[in-house]
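As stored in data.cif (mmCIF, C-alpha atoms):
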```cif
data_upload
loop_
_atom_site.label_atom_id
_atom_site.label_comp_id
_atom_site.auth_asym_id
_atom_site.auth_seq_id
_atom_site.Cartn_x
_atom_site.Cartn_y
_atom_site.Cartn_z
CA MET A 19 23.21 47.59 -4.11
CA ASP A 20 23.08 50.47 -1.67
CA GLN A 21 19.74 52.34 -1.88
CA SER A 22 21.56 55.69 -2.04
CA ASN A 23 23.19 54.65 -5.35
CA LEU A 24 19.90 53.93 -7.11
CA CYS A 25 18.63 56.48 -9.60
CA PRO A 26 15.17 57.49 -8.33
CA ARG A 27 13.79 57.95 -11.86
CA PHE A 28 15.00 54.54 -12.98
CA GLN A 29 13.59 52.96 -9.84
CA LYS A 30 10.21 54.66 -10.39
CA GLY A 31 10.18 53.52 -14.03
CA MET A 32 10.93 49.93 -13.06
CA ASP A 33 8.26 50.07 -10.35
CA ILE A 34 5.65 51.17 -12.90
CA ILE A 35 6.53 48.61 -15.58
CA SER A 36 7.09 45.72 -13.20
CA ARG A 37 3.93 46.18 -11.17
CA ARG A 38 1.86 43.06 -11.69
CA TRP A 39 -0.07 43.18 -14.99
CA ASN A 40 1.11 46.67 -16.01
CA GLY A 41 3.60 45.41 -18.60
CA LEU A 42 1.02 43.09 -20.14
CA ILE A 43 -1.63 45.82 -20.20
CA ILE A 44 0.80 48.15 -21.97
CA PHE A 45 1.73 45.34 -24.38
CA GLN A 46 -1.96 44.73 -25.12
CA LEU A 47 -2.59 48.43 -25.83
CA LEU A 48 0.35 48.67 -28.25
CA SER A 49 -2.01 47.39 -30.96
CA GLY A 50 -4.27 50.42 -30.49
CA PRO A 51 -7.23 51.67 -28.44
CA GLN A 52 -9.30 48.94 -26.83
CA ARG A 53 -12.37 48.62 -24.71
CA PHE A 54 -12.14 47.33 -21.16
CA CYS A 55 -13.74 43.99 -22.04
CA ALA A 56 -11.24 43.38 -24.87
CA VAL A 57 -8.26 43.88 -22.58
CA GLN A 58 -9.87 41.80 -19.84
CA SER A 59 -10.57 38.92 -22.23
CA ALA A 60 -6.96 38.98 -23.46
CA LEU A 61 -5.47 38.74 -19.96
CA PRO A 62 -6.22 36.38 -17.05
CA ILE A 63 -7.06 39.28 -14.71
CA SER A 64 -10.14 40.19 -12.70
CA GLY A 65 -12.18 43.21 -13.68
CA ARG A 66 -11.54 44.87 -10.32
CA LEU A 67 -7.77 44.50 -10.60
CA LEU A 68 -7.75 45.61 -14.26
CA SER A 69 -9.73 48.69 -13.28
CA GLU A 70 -7.19 49.48 -10.54
CA ARG A 71 -4.29 49.06 -12.93
CA PHE A 72 -5.93 51.27 -15.55
CA LYS A 73 -6.42 53.98 -12.91
CA ASP A 74 -2.77 53.67 -11.82
CA LEU A 75 -1.55 53.87 -15.42
CA GLU A 76 -3.84 56.86 -16.07
CA ASN A 77 -2.44 58.63 -13.01
CA GLU A 78 1.08 58.00 -14.31
CA GLY A 79 0.13 59.50 -17.69
CA ILE A 80 0.71 56.23 -19.55
CA VAL A 81 -2.89 55.34 -20.43
CA ASP A 82 -5.70 57.59 -21.62
CA ARG A 83 -9.35 56.83 -20.92
CA GLN A 84 -11.72 58.14 -23.59
CA VAL A 85 -15.46 58.20 -22.84
CA TYR A 86 -17.78 58.41 -25.86
CA PRO A 87 -21.24 59.86 -25.13
CA GLU A 88 -23.16 57.08 -26.79
CA ILE A 89 -25.92 54.84 -25.55
CA PRO A 90 -24.66 52.61 -24.10
CA VAL A 91 -21.58 54.60 -23.08
CA ARG A 92 -18.43 53.42 -24.83
CA ILE A 93 -15.08 53.71 -23.06
CA GLU A 94 -11.77 53.04 -24.74
CA TYR A 95 -8.28 52.88 -23.31
CA SER A 96 -5.20 53.82 -25.29
CA LEU A 97 -1.58 54.64 -24.70
CA THR A 98 -0.57 58.26 -24.36
CA GLU A 99 2.60 59.57 -25.98
CA LYS A 100 4.39 58.66 -22.74
CA GLY A 101 2.94 55.14 -22.94
CA ARG A 102 3.80 54.71 -26.63
CA ALA A 103 7.38 55.69 -25.79
CA LEU A 104 7.58 52.36 -23.92
CA GLU A 105 7.07 50.37 -27.14
CA PRO A 106 10.77 49.82 -27.96
CA ILE A 107 11.37 48.60 -24.41
CA ILE A 108 8.37 46.27 -24.43
CA ARG A 109 9.30 44.93 -27.90
CA GLU A 110 12.89 44.25 -26.77
CA ILE A 111 11.57 42.34 -23.75
CA GLN A 112 9.36 40.38 -26.15
CA ILE A 113 12.36 39.50 -28.35
CA TRP A 114 14.54 38.64 -25.35
CA SER A 115 11.86 36.35 -23.89
CA GLN A 116 11.38 34.57 -27.23
CA ASP A 117 15.13 33.95 -27.40
CA TRP A 118 15.81 33.04 -23.78
CA ILE A 119 12.65 31.91 -21.97
CA GLU A 120 11.49 28.34 -22.39
CA PRO A 121 7.82 27.95 -23.29
CA VAL A 122 5.53 26.93 -20.45
CA VAL A 123 4.23 23.42 -21.01
CA LYS A 124 0.68 23.03 -19.74
CA ALA A 125 -0.16 19.67 -18.29
#
```

Can I see the file as structure tokens?
Amino acid sequence: MDQSNLCPRFQKGMDIISRRWNGLIIFQLLSGPQRFCAVQSALPISGRLLSERFKDLENEGIVDRQVYPEIPVRIEYSLTEKGRALEPIIREIQIWSQDWIEPVVKA
């Protein structure tokens, strides 16, 4: 497809969702606010890369980082309204993959 025919907003949206790990991070946060370690333990991702992705998603207005002034400091990540608006899309991808993607058989 000719680049000039692409909708820039659609392309930007696809870039955000399809960036490695972003879709899975958003999926993980659909269940509610979570601490960094909970998201990291749910996904096979390094702490450094998860931190980068959280920063990217925060900059896009999809994820909110809440710092609680406790000792030790507690930080939780949650979806913003913009992030929660992705839920129907993520859920449809989940349904589509259950219907059409064969399970990965581990050896």

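Distance-wise, CA of Val85 (chain A) and CA of Trp39 (chain A) end up 22.9 Å apart.
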
Just to confirm, what's the straight-line distance from CA of Gln84 (chain A) to CA of Ser49 (chain A) in Å (one decimal)?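 If I compute the distance from CA of Gln84 (chain A) to CA of Ser49 (chain A), I get 16.3 Å.
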
Fill in: Residues matched by the PyMOL selection byres ((chain A and resi 62-78) around 10), written as a PyMOL selection string
chain A and resi 34-35+37-40+43-44+54-55+57-61+79-83+95-98+100-101

Open item on the list: Please compute the CA of Leu47 (chain A)-CA of Cys25 (chain A) distance, one decimal, in Å.
Closed with: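 Spanning CA of Leu47 (chain A) to CA of Cys25 (chain A) is a straight-line distance of 27.9 Å.
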
With distances taken over all atoms listed in the file, which residue among A:Lys124, A:Gln52, A:Glu110, A:Ile119 lies nearest Glu94 (chain A)?
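Closest candidate: A:Gln52.
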